[in-house]
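Next comes target.pdb, a file with PDB, N, CA and C atoms.
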```pdb
ATOM      1  N   MET A  28     126.247  23.287 160.773
ATOM      2  CA  MET A  28     126.930  23.877 159.633
ATOM      3  C   MET A  28     128.413  23.987 159.959
ATOM      4  N   SER A  29     129.237  23.733 158.979
ATOM      5  CA  SER A  29     130.679  23.808 159.150
ATOM      6  C   SER A  29     131.140  25.266 159.129
ATOM      7  N   GLU A  30     132.419  25.458 159.443
ATOM      8  CA  GLU A  30     133.004  26.791 159.370
ATOM      9  C   GLU A  30     132.948  27.275 157.925
ATOM     10  N   PRO A  31     132.712  28.568 157.717
ATOM     11  CA  PRO A  31     132.680  29.060 156.325
ATOM     12  C   PRO A  31     134.067  28.995 155.693
ATOM     13  N   ILE A  32     134.074  28.859 154.392
ATOM     14  CA  ILE A  32     135.317  28.980 153.630
ATOM     15  C   ILE A  32     135.580  30.477 153.499
ATOM     16  N   VAL A  33     136.797  30.893 153.812
ATOM     17  CA  VAL A  33     137.172  32.305 153.695
ATOM     18  C   VAL A  33     138.415  32.400 152.825
ATOM     19  N   VAL A  34     138.339  33.237 151.796
ATOM     20  CA  VAL A  34     139.471  33.482 150.904
ATOM     21  C   VAL A  34     139.563  34.991 150.697
ATOM     22  N   GLU A  35     140.766  35.537 150.847
ATOM     23  CA  GLU A  35     140.974  36.960 150.581
ATOM     24  C   GLU A  35     141.766  37.106 149.285
ATOM     25  N   ILE A  36     141.241  37.951 148.404
ATOM     26  CA  ILE A  36     141.852  38.167 147.094
ATOM     27  C   ILE A  36     142.380  39.601 147.045
ATOM     28  N   PRO A  37     143.704  39.768 147.080
ATOM     29  CA  PRO A  37     144.253  41.123 147.012
ATOM     30  C   PRO A  37     144.115  41.703 145.610
ATOM     31  N   HIS A  38     144.025  43.035 145.545
ATOM     32  CA  HIS A  38     143.970  43.707 144.251
ATOM     33  C   HIS A  38     144.494  45.134 144.416
ATOM     34  N   THR A  39     144.694  45.791 143.302
ATOM     35  CA  THR A  39     145.170  47.184 143.309
ATOM     36  C   THR A  39     144.214  48.087 142.542
ATOM     37  N   LEU A  40     142.962  47.694 142.442
ATOM     38  CA  LEU A  40     141.981  48.408 141.628
ATOM     39  C   LEU A  40     141.345  49.598 142.326
ATOM     40  N   GLY A  41     141.350  49.599 143.635
ATOM     41  CA  GLY A  41     140.570  50.584 144.369
ATOM     42  C   GLY A  41     139.151  50.064 144.558
ATOM     43  N   LEU A  42     138.440  50.662 145.478
ATOM     44  CA  LEU A  42     137.110  50.182 145.853
ATOM     45  C   LEU A  42     136.104  50.235 144.706
ATOM     46  N   THR A  43     136.000  51.361 144.041
ATOM     47  CA  THR A  43     134.977  51.530 143.008
ATOM     48  C   THR A  43     135.170  50.572 141.839
ATOM     49  N   ALA A  44     136.393  50.464 141.339
ATOM     50  CA  ALA A  44     136.653  49.575 140.201
ATOM     51  C   ALA A  44     136.489  48.113 140.590
ATOM     52  N   ALA A  45     136.934  47.741 141.778
ATOM     53  CA  ALA A  45     136.792  46.352 142.221
ATOM     54  C   ALA A  45     135.321  45.986 142.378
ATOM     55  N   ARG A  46     134.558  46.888 142.944
ATOM     56  CA  ARG A  46     133.125  46.621 143.120
ATOM     57  C   ARG A  46     132.437  46.466 141.762
ATOM     58  N   ALA A  47     132.794  47.295 140.802
ATOM     59  CA  ALA A  47     132.205  47.199 139.458
ATOM     60  C   ALA A  47     132.548  45.866 138.800
ATOM     61  N   ARG A  48     133.763  45.409 138.982
ATOM     62  CA  ARG A  48     134.163  44.134 138.367
ATOM     63  C   ARG A  48     133.474  42.953 139.047
ATOM     64  N   VAL A  49     133.341  43.012 140.359
ATOM     65  CA  VAL A  49     132.606  41.957 141.068
ATOM     66  C   VAL A  49     131.160  41.937 140.589
ATOM     67  N   ASP A  50     130.553  43.105 140.484
ATOM     68  CA  ASP A  50     129.164  43.195 140.046
ATOM     69  C   ASP A  50     128.998  42.659 138.625
ATOM     70  N   GLY A  51     129.954  42.952 137.767
ATOM     71  CA  GLY A  51     129.888  42.477 136.390
ATOM     72  C   GLY A  51     130.171  40.988 136.236
ATOM     73  N   GLY A  52     130.817  40.392 137.231
ATOM     74  CA  GLY A  52     131.167  38.975 137.158
ATOM     75  C   GLY A  52     130.274  38.062 137.968
ATOM     76  N   ILE A  53     129.159  38.585 138.478
ATOM     77  CA  ILE A  53     128.291  37.785 139.351
ATOM     78  C   ILE A  53     127.837  36.493 138.679
ATOM     79  N   GLY A  54     127.621  36.516 137.392
ATOM     80  CA  GLY A  54     127.178  35.315 136.686
ATOM     81  C   GLY A  54     128.218  34.212 136.674
ATOM     82  N   LYS A  55     129.490  34.558 136.810
ATOM     83  CA  LYS A  55     130.570  33.572 136.802
ATOM     84  C   LYS A  55     130.749  32.896 138.159
ATOM     85  N   LEU A  56     130.193  33.480 139.216
ATOM     86  CA  LEU A  56     130.412  32.943 140.559
ATOM     87  C   LEU A  56     129.850  31.534 140.730
ATOM     88  N   ALA A  57     128.740  31.261 140.088
ATOM     89  CA  ALA A  57     128.133  29.938 140.218
ATOM     90  C   ALA A  57     129.038  28.849 139.672
ATOM     91  N   ASP A  58     129.899  29.192 138.722
ATOM     92  CA  ASP A  58     130.798  28.208 138.129
ATOM     93  C   ASP A  58     131.839  27.696 139.127
ATOM     94  N   LEU A  59     131.990  28.375 140.260
ATOM     95  CA  LEU A  59     132.968  27.950 141.259
ATOM     96  C   LEU A  59     132.468  26.780 142.105
ATOM     97  N   PHE A  60     131.189  26.431 141.959
ATOM     98  CA  PHE A  60     130.601  25.358 142.752
ATOM     99  C   PHE A  60     130.210  24.204 141.848
ATOM    100  N   PRO A  61     130.388  22.952 142.322
ATOM    101  CA  PRO A  61     129.996  21.810 141.491
ATOM    102  C   PRO A  61     128.495  21.833 141.207
ATOM    103  N   GLY A  62     128.141  21.852 139.951
ATOM    104  CA  GLY A  62     126.732  21.873 139.560
ATOM    105  C   GLY A  62     126.034  23.160 139.939
ATOM    106  N   GLY A  63     126.765  24.256 140.054
ATOM    107  CA  GLY A  63     126.214  25.510 140.571
ATOM    108  C   GLY A  63     125.459  26.343 139.562
ATOM    109  N   ALA A  64     124.451  27.041 140.063
ATOM    110  CA  ALA A  64     123.698  28.013 139.276
ATOM    111  C   ALA A  64     123.342  29.170 140.205
ATOM    112  N   ALA A  65     123.599  30.403 139.783
ATOM    113  CA  ALA A  65     123.302  31.565 140.616
ATOM    114  C   ALA A  65     121.795  31.695 140.805
ATOM    115  N   VAL A  66     121.394  31.951 142.029
ATOM    116  CA  VAL A  66     119.976  32.070 142.337
ATOM    117  C   VAL A  66     119.588  33.533 142.531
ATOM    118  N   ASP A  67     120.261  34.226 143.422
ATOM    119  CA  ASP A  67     119.951  35.635 143.632
ATOM    120  C   ASP A  67     121.160  36.342 144.222
ATOM    121  N   HIS A  68     121.115  37.678 144.167
ATOM    122  CA  HIS A  68     122.191  38.465 144.762
ATOM    123  C   HIS A  68     121.675  39.853 145.096
ATOM    124  N   ARG A  69     122.318  40.467 146.095
ATOM    125  CA  ARG A  69     121.967  41.821 146.495
ATOM    126  C   ARG A  69     123.166  42.465 147.177
ATOM    127  N   TRP A  70     123.282  43.764 147.028
ATOM    128  CA  TRP A  70     124.348  44.526 147.675
ATOM    129  C   TRP A  70     123.825  45.123 148.965
ATOM    130  N   GLU A  71     124.635  45.075 150.001
ATOM    131  CA  GLU A  71     124.418  45.819 151.241
ATOM    132  C   GLU A  71     125.718  46.555 151.495
ATOM    133  N   GLY A  72     125.728  47.837 151.201
ATOM    134  CA  GLY A  72     126.976  48.591 151.288
ATOM    135  C   GLY A  72     127.967  48.043 150.284
ATOM    136  N   ASP A  73     129.144  47.669 150.740
ATOM    137  CA  ASP A  73     130.172  47.109 149.859
ATOM    138  C   ASP A  73     130.248  45.589 149.949
ATOM    139  N   THR A  74     129.186  44.973 150.453
ATOM    140  CA  THR A  74     129.137  43.510 150.541
ATOM    141  C   THR A  74     128.064  42.972 149.615
ATOM    142  N   LEU A  75     128.479  42.071 148.732
ATOM    143  CA  LEU A  75     127.552  41.390 147.837
ATOM    144  C   LEU A  75     127.146  40.080 148.494
ATOM    145  N   HIS A  76     125.863  39.944 148.800
ATOM    146  CA  HIS A  76     125.322  38.695 149.340
ATOM    147  C   HIS A  76     124.716  37.947 148.163
ATOM    148  N   PHE A  77     125.057  36.670 148.017
ATOM    149  CA  PHE A  77     124.468  35.901 146.926
ATOM    150  C   PHE A  77     124.269  34.455 147.353
ATOM    151  N   THR A  78     123.359  33.815 146.675
ATOM    152  CA  THR A  78     123.045  32.417 146.931
ATOM    153  C   THR A  78     123.254  31.643 145.642
ATOM    154  N   VAL A  79     123.873  30.484 145.782
ATOM    155  CA  VAL A  79     124.099  29.596 144.640
ATOM    156  C   VAL A  79     123.417  28.271 144.947
ATOM    157  N   ALA A  80     122.735  27.714 143.966
ATOM    158  CA  ALA A  80     122.176  26.370 144.093
ATOM    159  C   ALA A  80     123.203  25.418 143.503
ATOM    160  N   ALA A  81     123.658  24.458 144.317
ATOM    161  CA  ALA A  81     124.677  23.512 143.867
ATOM    162  C   ALA A  81     124.333  22.117 144.367
ATOM    163  N   LEU A  82     124.209  21.196 143.454
ATOM    164  CA  LEU A  82     123.897  19.801 143.790
ATOM    165  C   LEU A  82     122.683  19.696 144.705
ATOM    166  N   GLY A  83     121.660  20.481 144.396
ATOM    167  CA  GLY A  83     120.433  20.436 145.175
ATOM    168  C   GLY A  83     120.508  21.147 146.522
ATOM    169  N   GLN A  84     121.584  21.845 146.790
ATOM    170  CA  GLN A  84     121.770  22.567 148.047
ATOM    171  C   GLN A  84     121.836  24.064 147.751
ATOM    172  N   ARG A  85     121.479  24.866 148.743
ATOM    173  CA  ARG A  85     121.612  26.318 148.627
ATOM    174  C   ARG A  85     122.835  26.755 149.419
ATOM    175  N   VAL A  86     123.692  27.521 148.771
ATOM    176  CA  VAL A  86     124.942  27.967 149.383
ATOM    177  C   VAL A  86     124.900  29.489 149.512
ATOM    178  N   ALA A  87     124.863  29.974 150.749
ATOM    179  CA  ALA A  87     124.875  31.421 151.008
ATOM    180  C   ALA A  87     126.324  31.890 151.037
ATOM    181  N   SER A  88     126.593  32.997 150.359
ATOM    182  CA  SER A  88     127.960  33.505 150.248
ATOM    183  C   SER A  88     127.962  35.023 150.305
ATOM    184  N   ARG A  89     129.143  35.572 150.634
ATOM    185  CA  ARG A  89     129.325  37.005 150.692
ATOM    186  C   ARG A  89     130.671  37.383 150.096
ATOM    187  N   LEU A  90     130.688  38.484 149.372
ATOM    188  CA  LEU A  90     131.931  39.079 148.884
ATOM    189  C   LEU A  90     131.976  40.502 149.424
ATOM    190  N   THR A  91     132.939  40.771 150.282
ATOM    191  CA  THR A  91     133.098  42.109 150.836
ATOM    192  C   THR A  91     134.249  42.780 150.108
ATOM    193  N   VAL A  92     133.933  43.887 149.440
ATOM    194  CA  VAL A  92     134.912  44.586 148.611
ATOM    195  C   VAL A  92     135.543  45.719 149.418
ATOM    196  N   ALA A  93     136.866  45.753 149.434
ATOM    197  CA  ALA A  93     137.625  46.837 150.052
ATOM    198  C   ALA A  93     138.555  47.431 149.001
ATOM    199  N   ALA A  94     139.229  48.500 149.343
ATOM    200  CA  ALA A  94     140.096  49.185 148.395
ATOM    201  C   ALA A  94     141.268  48.332 147.938
ATOM    202  N   ASP A  95     141.674  47.350 148.760
ATOM    203  CA  ASP A  95     142.859  46.555 148.439
ATOM    204  C   ASP A  95     142.632  45.043 148.405
ATOM    205  N   LYS A  96     141.418  44.592 148.723
ATOM    206  CA  LYS A  96     141.142  43.152 148.700
ATOM    207  C   LYS A  96     139.647  42.895 148.641
ATOM    208  N   VAL A  97     139.310  41.688 148.234
ATOM    209  CA  VAL A  97     137.938  41.193 148.290
ATOM    210  C   VAL A  97     137.964  39.969 149.190
ATOM    211  N   ARG A  98     137.098  39.973 150.187
ATOM    212  CA  ARG A  98     137.021  38.842 151.116
ATOM    213  C   ARG A  98     135.788  38.022 150.739
ATOM    214  N   ALA A  99     136.026  36.765 150.386
ATOM    215  CA  ALA A  99     134.944  35.848 150.021
ATOM    216  C   ALA A  99     134.666  34.926 151.198
ATOM    217  N   GLU A 100     133.394  34.806 151.573
ATOM    218  CA  GLU A 100     132.976  33.892 152.630
ATOM    219  C   GLU A 100     131.849  33.024 152.078
ATOM    220  N   VAL A 101     132.012  31.719 152.220
ATOM    221  CA  VAL A 101     131.054  30.765 151.676
ATOM    222  C   VAL A 101     130.599  29.853 152.809
ATOM    223  N   ASP A 102     129.292  29.838 153.077
ATOM    224  CA  ASP A 102     128.710  28.985 154.109
ATOM    225  C   ASP A 102     128.202  27.705 153.451
ATOM    226  N   LEU A 103     128.936  26.617 153.642
ATOM    227  CA  LEU A 103     128.558  25.355 153.013
ATOM    228  C   LEU A 103     127.601  24.563 153.900
ATOM    229  N   PRO A 104     126.531  24.025 153.313
ATOM    230  CA  PRO A 104     125.687  23.095 154.065
ATOM    231  C   PRO A 104     126.468  21.801 154.292
ATOM    232  N   PRO A 105     126.060  20.986 155.258
ATOM    233  CA  PRO A 105     126.825  19.776 155.603
ATOM    234  C   PRO A 105     127.171  18.877 154.408
ATOM    235  N   PHE A 106     126.243  18.670 153.483
ATOM    236  CA  PHE A 106     126.524  17.794 152.347
ATOM    237  C   PHE A 106     127.688  18.322 151.510
ATOM    238  N   LEU A 107     127.700  19.616 151.248
ATOM    239  CA  LEU A 107     128.753  20.190 150.415
ATOM    240  C   LEU A 107     130.050  20.419 151.180
ATOM    241  N   ALA A 108     130.010  20.323 152.500
ATOM    242  CA  ALA A 108     131.240  20.461 153.291
ATOM    243  C   ALA A 108     132.253  19.390 152.898
ATOM    244  N   LEU A 109     131.784  18.298 152.345
ATOM    245  CA  LEU A 109     132.674  17.242 151.858
ATOM    246  C   LEU A 109     133.582  17.767 150.741
ATOM    247  N   PHE A 110     133.122  18.793 150.038
ATOM    248  CA  PHE A 110     133.874  19.376 148.923
ATOM    249  C   PHE A 110     134.605  20.658 149.321
ATOM    250  N   ALA A 111     134.683  20.973 150.611
ATOM    251  CA  ALA A 111     135.222  22.253 151.074
ATOM    252  C   ALA A 111     136.623  22.522 150.547
ATOM    253  N   ASP A 112     137.520  21.552 150.627
ATOM    254  CA  ASP A 112     138.893  21.780 150.169
ATOM    255  C   ASP A 112     138.948  22.058 148.668
ATOM    256  N   LYS A 113     138.154  21.329 147.896
ATOM    257  CA  LYS A 113     138.137  21.550 146.446
ATOM    258  C   LYS A 113     137.527  22.906 146.101
ATOM    259  N   ILE A 114     136.463  23.283 146.808
ATOM    260  CA  ILE A 114     135.830  24.575 146.555
ATOM    261  C   ILE A 114     136.771  25.699 146.956
ATOM    262  N   ARG A 115     137.445  25.562 148.104
ATOM    263  CA  ARG A 115     138.401  26.580 148.563
ATOM    264  C   ARG A 115     139.519  26.763 147.535
ATOM    265  N   ALA A 116     140.081  25.650 147.040
ATOM    266  CA  ALA A 116     141.167  25.718 146.057
ATOM    267  C   ALA A 116     140.697  26.365 144.759
ATOM    268  N   LYS A 117     139.513  25.993 144.303
ATOM    269  CA  LYS A 117     138.998  26.570 143.061
ATOM    270  C   LYS A 117     138.692  28.052 143.252
ATOM    271  N   LEU A 118     138.154  28.411 144.399
ATOM    272  CA  LEU A 118     137.863  29.814 144.686
ATOM    273  C   LEU A 118     139.147  30.637 144.706
ATOM    274  N   ALA A 119     140.178  30.123 145.363
ATOM    275  CA  ALA A 119     141.460  30.837 145.432
ATOM    276  C   ALA A 119     142.080  31.004 144.042
ATOM    277  N   LYS A 120     141.882  30.014 143.176
ATOM    278  CA  LYS A 120     142.455  30.056 141.833
ATOM    279  C   LYS A 120     141.634  30.925 140.875
ATOM    280  N   GLU A 121     140.315  30.778 140.911
ATOM    281  CA  GLU A 121     139.462  31.413 139.916
ATOM    282  C   GLU A 121     138.930  32.797 140.307
ATOM    283  N   ALA A 122     138.764  33.046 141.596
ATOM    284  CA  ALA A 122     138.185  34.328 142.022
ATOM    285  C   ALA A 122     138.998  35.542 141.570
ATOM    286  N   PRO A 123     140.325  35.490 141.591
ATOM    287  CA  PRO A 123     141.071  36.664 141.103
ATOM    288  C   PRO A 123     140.747  37.033 139.657
ATOM    289  N   LYS A 124     140.287  36.073 138.875
ATOM    290  CA  LYS A 124     139.935  36.351 137.482
ATOM    291  C   LYS A 124     138.707  37.255 137.383
ATOM    292  N   LEU A 125     137.871  37.277 138.431
ATOM    293  CA  LEU A 125     136.712  38.156 138.432
ATOM    294  C   LEU A 125     137.126  39.621 138.487
ATOM    295  N   LEU A 126     138.343  39.871 138.968
ATOM    296  CA  LEU A 126     138.819  41.241 139.109
ATOM    297  C   LEU A 126     139.657  41.694 137.915
ATOM    298  N   GLU A 127     139.844  40.825 136.941
ATOM    299  CA  GLU A 127     140.659  41.186 135.768
ATOM    300  C   GLU A 127     139.862  42.003 134.780
TER     301      GLU A 127
END
```
Show this structure as structure tokens.
Amino acid sequence: MSEPIVVEIPHTLGLTAARARVDGGIGKLADLFPGGAAVDHRWEGDTLHFTVAALGQRVASRLTVAADKVRAEVDLPPFLALFADKIRAKLAKEAPKLLE
């Protein structure tokens, strides 16, 4: 497995509001992956663990919510690692919209 994609999204919402917006936007997360569909998600403390099915692959991801930023980590399987730069760019561009 390749190194995970890591993107930090700064915000000024505070922990509670940011967590609520992430929770409300979980359905949009699958759109960040080519051919993606959300499979499942669960919270452990302030970290949202979720899996996306994309192009026949399962992608495990985490969003850790803090008072001033959300840290996104995406573990790409080898096949999807070919798209890592495109996924990273799209995540950096689109993820802040989840906090709006």
Pick out the residues sitting within 12 Å of A:Arg69, and hand them over as a compact mmCIF listing (two decimals) with N, CA and C atoms, keeping the file's coordinate frame; count only C-alpha atoms, and ignore anything fewer than 4 positions along from it in its own chain.
```
# COMPACT_ATOMS: atom_id res chain seq x y z
N VAL A 49 133.34 43.01 140.36
CA VAL A 49 132.61 41.96 141.07
C VAL A 49 131.16 41.94 140.59
N ASP A 50 130.55 43.10 140.48
CA ASP A 50 129.16 43.20 140.05
C ASP A 50 129.00 42.66 138.62
N ILE A 53 129.16 38.58 138.48
CA ILE A 53 128.29 37.78 139.35
C ILE A 53 127.84 36.49 138.68
N ALA A 65 123.60 30.40 139.78
CA ALA A 65 123.30 31.56 140.62
C ALA A 65 121.80 31.70 140.80
N ASP A 73 129.14 47.67 150.74
CA ASP A 73 130.17 47.11 149.86
C ASP A 73 130.25 45.59 149.95
N THR A 74 129.19 44.97 150.45
CA THR A 74 129.14 43.51 150.54
C THR A 74 128.06 42.97 149.62
N LEU A 75 128.48 42.07 148.73
CA LEU A 75 127.55 41.39 147.84
C LEU A 75 127.15 40.08 148.49
N HIS A 76 125.86 39.94 148.80
CA HIS A 76 125.32 38.70 149.34
C HIS A 76 124.72 37.95 148.16
N PHE A 77 125.06 36.67 148.02
CA PHE A 77 124.47 35.90 146.93
C PHE A 77 124.27 34.46 147.35
N THR A 78 123.36 33.82 146.68
CA THR A 78 123.04 32.42 146.93
C THR A 78 123.25 31.64 145.64
N ALA A 87 124.86 29.97 150.75
CA ALA A 87 124.88 31.42 151.01
C ALA A 87 126.32 31.89 151.04
N SER A 88 126.59 33.00 150.36
CA SER A 88 127.96 33.51 150.25
C SER A 88 127.96 35.02 150.30
N ARG A 89 129.14 35.57 150.63
CA ARG A 89 129.32 37.01 150.69
C ARG A 89 130.67 37.38 150.10
N LEU A 90 130.69 38.48 149.37
CA LEU A 90 131.93 39.08 148.88
C LEU A 90 131.98 40.50 149.42
N THR A 91 132.94 40.77 150.28
CA THR A 91 133.10 42.11 150.84
C THR A 91 134.25 42.78 150.11
```
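For the pair atom CA of A:Glu121 and atom CA of A:Gln84, the interatomic distance is 21.4 Å.
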Closest of A:Gly62, A:Lys96, A:Gly54, A:Glu71 to A:Leu40 - atom-to-atom distances counting only N, CA and C atoms
A:Lys96
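Against this structure, the PyMOL selection byres (((chain A and resi 33 and name CA) around 9) and name CA) ends up with Glu30, Pro31, Ile32, Val34, Glu35, Arg98, Ala99, Glu100, Val101 and Arg115 of chain A.
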Let me see the file: selected residues, N, CA and C atoms, as a PDB file, keeping the file's coordinate frame.
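To be explicit, this is the file written out as selection.pdb:
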```
ATOM      1  N   GLU A  30     132.419  25.458 159.443  1.00  0.00           N
ATOM      2  CA  GLU A  30     133.004  26.791 159.370  1.00  0.00           C
ATOM      3  C   GLU A  30     132.948  27.275 157.925  1.00  0.00           C
ATOM      4  N   PRO A  31     132.712  28.568 157.717  1.00  0.00           N
ATOM      5  CA  PRO A  31     132.680  29.060 156.325  1.00  0.00           C
ATOM      6  C   PRO A  31     134.067  28.995 155.693  1.00  0.00           C
ATOM      7  N   ILE A  32     134.074  28.859 154.392  1.00  0.00           N
ATOM      8  CA  ILE A  32     135.317  28.980 153.630  1.00  0.00           C
ATOM      9  C   ILE A  32     135.580  30.477 153.499  1.00  0.00           C
ATOM     10  N   VAL A  34     138.339  33.237 151.796  1.00  0.00           N
ATOM     11  CA  VAL A  34     139.471  33.482 150.904  1.00  0.00           C
ATOM     12  C   VAL A  34     139.563  34.991 150.697  1.00  0.00           C
ATOM     13  N   GLU A  35     140.766  35.537 150.847  1.00  0.00           N
ATOM     14  CA  GLU A  35     140.974  36.960 150.581  1.00  0.00           C
ATOM     15  C   GLU A  35     141.766  37.106 149.285  1.00  0.00           C
ATOM     16  N   ARG A  98     137.098  39.973 150.187  1.00  0.00           N
ATOM     17  CA  ARG A  98     137.021  38.842 151.116  1.00  0.00           C
ATOM     18  C   ARG A  98     135.788  38.022 150.739  1.00  0.00           C
ATOM     19  N   ALA A  99     136.026  36.765 150.386  1.00  0.00           N
ATOM     20  CA  ALA A  99     134.944  35.848 150.021  1.00  0.00           C
ATOM     21  C   ALA A  99     134.666  34.926 151.198  1.00  0.00           C
ATOM     22  N   GLU A 100     133.394  34.806 151.573  1.00  0.00           N
ATOM     23  CA  GLU A 100     132.976  33.892 152.630  1.00  0.00           C
ATOM     24  C   GLU A 100     131.849  33.024 152.078  1.00  0.00           C
ATOM     25  N   VAL A 101     132.012  31.719 152.220  1.00  0.00           N
ATOM     26  CA  VAL A 101     131.054  30.765 151.676  1.00  0.00           C
ATOM     27  C   VAL A 101     130.599  29.853 152.809  1.00  0.00           C
ATOM     28  N   ARG A 115     137.445  25.562 148.104  1.00  0.00           N
ATOM     29  CA  ARG A 115     138.401  26.580 148.563  1.00  0.00           C
ATOM     30  C   ARG A 115     139.519  26.763 147.535  1.00  0.00           C
TER      31      ARG A 115
END
```
List every residue of chain A that DSSP, applied to the backbone of this structure, assigns to helix (DSSP H, G or I), and report them as a ChimeraX atom specification.
/A:42-51,53-59,107-126
Where does the PyMOL selection byres ((chain A and resi 95) around 6.5) land in this file, that is, which residues does it pick, as a ChimeraX atom specification?
/A:36-42,92-94,96-97
What does the distance between atom C of A:Arg85 and atom CA of A:Leu107 come to in Å, to one decimal place?
8.9 Å
How would you write, as a PyMOL selection string, the set of residues in chain A that DSSP gives as strand (DSSP E or B)?
chain A and resi 32-37+63-71+74-81+84-92+96-102
Please evaluate the PyMOL selection byres (((chain A and resi 108 and name CA) around 12) and name CA) against the structure above and give the resulting residues as a list of chain:residue names.
A:Met28, A:Ser29, A:Glu30, A:Pro31, A:Ile32, A:Phe60, A:Pro61, A:Ala81, A:Gln84, A:Val86, A:Val101, A:Asp102, A:Leu103, A:Pro104, A:Pro105, A:Phe106, A:Leu107, A:Leu109, A:Phe110, A:Ala111, A:Asp112, A:Lys113, A:Ile114, A:Arg115
For the selection you just gave me, I'd like the residues written to a file as an mmCIF file, in the frame of the given file, keeping N, CA and C atoms.
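The new file out-v1.cif reads:
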```cif
data_model
loop_
_atom_site.group_PDB
_atom_site.id
_atom_site.type_symbol
_atom_site.label_atom_id
_atom_site.label_comp_id
_atom_site.auth_asym_id
_atom_site.auth_seq_id
_atom_site.Cartn_x
_atom_site.Cartn_y
_atom_site.Cartn_z
ATOM 1 N N MET A 28 126.247 23.287 160.773
ATOM 2 C CA MET A 28 126.930 23.877 159.633
ATOM 3 C C MET A 28 128.413 23.987 159.959
ATOM 4 N N SER A 29 129.237 23.733 158.979
ATOM 5 C CA SER A 29 130.679 23.808 159.150
ATOM 6 C C SER A 29 131.140 25.266 159.129
ATOM 7 N N GLU A 30 132.419 25.458 159.443
ATOM 8 C CA GLU A 30 133.004 26.791 159.370
ATOM 9 C C GLU A 30 132.948 27.275 157.925
ATOM 10 N N PRO A 31 132.712 28.568 157.717
ATOM 11 C CA PRO A 31 132.680 29.060 156.325
ATOM 12 C C PRO A 31 134.067 28.995 155.693
ATOM 13 N N ILE A 32 134.074 28.859 154.392
ATOM 14 C CA ILE A 32 135.317 28.980 153.630
ATOM 15 C C ILE A 32 135.580 30.477 153.499
ATOM 16 N N PHE A 60 131.189 26.431 141.959
ATOM 17 C CA PHE A 60 130.601 25.358 142.752
ATOM 18 C C PHE A 60 130.210 24.204 141.848
ATOM 19 N N PRO A 61 130.388 22.952 142.322
ATOM 20 C CA PRO A 61 129.996 21.810 141.491
ATOM 21 C C PRO A 61 128.495 21.833 141.207
ATOM 22 N N ALA A 81 123.658 24.458 144.317
ATOM 23 C CA ALA A 81 124.677 23.512 143.867
ATOM 24 C C ALA A 81 124.333 22.117 144.367
ATOM 25 N N GLN A 84 121.584 21.845 146.790
ATOM 26 C CA GLN A 84 121.770 22.567 148.047
ATOM 27 C C GLN A 84 121.836 24.064 147.751
ATOM 28 N N VAL A 86 123.692 27.521 148.771
ATOM 29 C CA VAL A 86 124.942 27.967 149.383
ATOM 30 C C VAL A 86 124.900 29.489 149.512
ATOM 31 N N VAL A 101 132.012 31.719 152.220
ATOM 32 C CA VAL A 101 131.054 30.765 151.676
ATOM 33 C C VAL A 101 130.599 29.853 152.809
ATOM 34 N N ASP A 102 129.292 29.838 153.077
ATOM 35 C CA ASP A 102 128.710 28.985 154.109
ATOM 36 C C ASP A 102 128.202 27.705 153.451
ATOM 37 N N LEU A 103 128.936 26.617 153.642
ATOM 38 C CA LEU A 103 128.558 25.355 153.013
ATOM 39 C C LEU A 103 127.601 24.563 153.900
ATOM 40 N N PRO A 104 126.531 24.025 153.313
ATOM 41 C CA PRO A 104 125.687 23.095 154.065
ATOM 42 C C PRO A 104 126.468 21.801 154.292
ATOM 43 N N PRO A 105 126.060 20.986 155.258
ATOM 44 C CA PRO A 105 126.825 19.776 155.603
ATOM 45 C C PRO A 105 127.171 18.877 154.408
ATOM 46 N N PHE A 106 126.243 18.670 153.483
ATOM 47 C CA PHE A 106 126.524 17.794 152.347
ATOM 48 C C PHE A 106 127.688 18.322 151.510
ATOM 49 N N LEU A 107 127.700 19.616 151.248
ATOM 50 C CA LEU A 107 128.753 20.190 150.415
ATOM 51 C C LEU A 107 130.050 20.419 151.180
ATOM 52 N N LEU A 109 131.784 18.298 152.345
ATOM 53 C CA LEU A 109 132.674 17.242 151.858
ATOM 54 C C LEU A 109 133.582 17.767 150.741
ATOM 55 N N PHE A 110 133.122 18.793 150.038
ATOM 56 C CA PHE A 110 133.874 19.376 148.923
ATOM 57 C C PHE A 110 134.605 20.658 149.321
ATOM 58 N N ALA A 111 134.683 20.973 150.611
ATOM 59 C CA ALA A 111 135.222 22.253 151.074
ATOM 60 C C ALA A 111 136.623 22.522 150.547
ATOM 61 N N ASP A 112 137.520 21.552 150.627
ATOM 62 C CA ASP A 112 138.893 21.780 150.169
ATOM 63 C C ASP A 112 138.948 22.058 148.668
ATOM 64 N N LYS A 113 138.154 21.329 147.896
ATOM 65 C CA LYS A 113 138.137 21.550 146.446
ATOM 66 C C LYS A 113 137.527 22.906 146.101
ATOM 67 N N ILE A 114 136.463 23.283 146.808
ATOM 68 C CA ILE A 114 135.830 24.575 146.555
ATOM 69 C C ILE A 114 136.771 25.699 146.956
ATOM 70 N N ARG A 115 137.445 25.562 148.104
ATOM 71 C CA ARG A 115 138.401 26.580 148.563
ATOM 72 C C ARG A 115 139.519 26.763 147.535
#
```
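Nearest residue to A:Ala45, choosing from A:Leu126, A:Val79, A:Ala116, A:Val66 and counting only N, CA and C atoms: A:Leu126.
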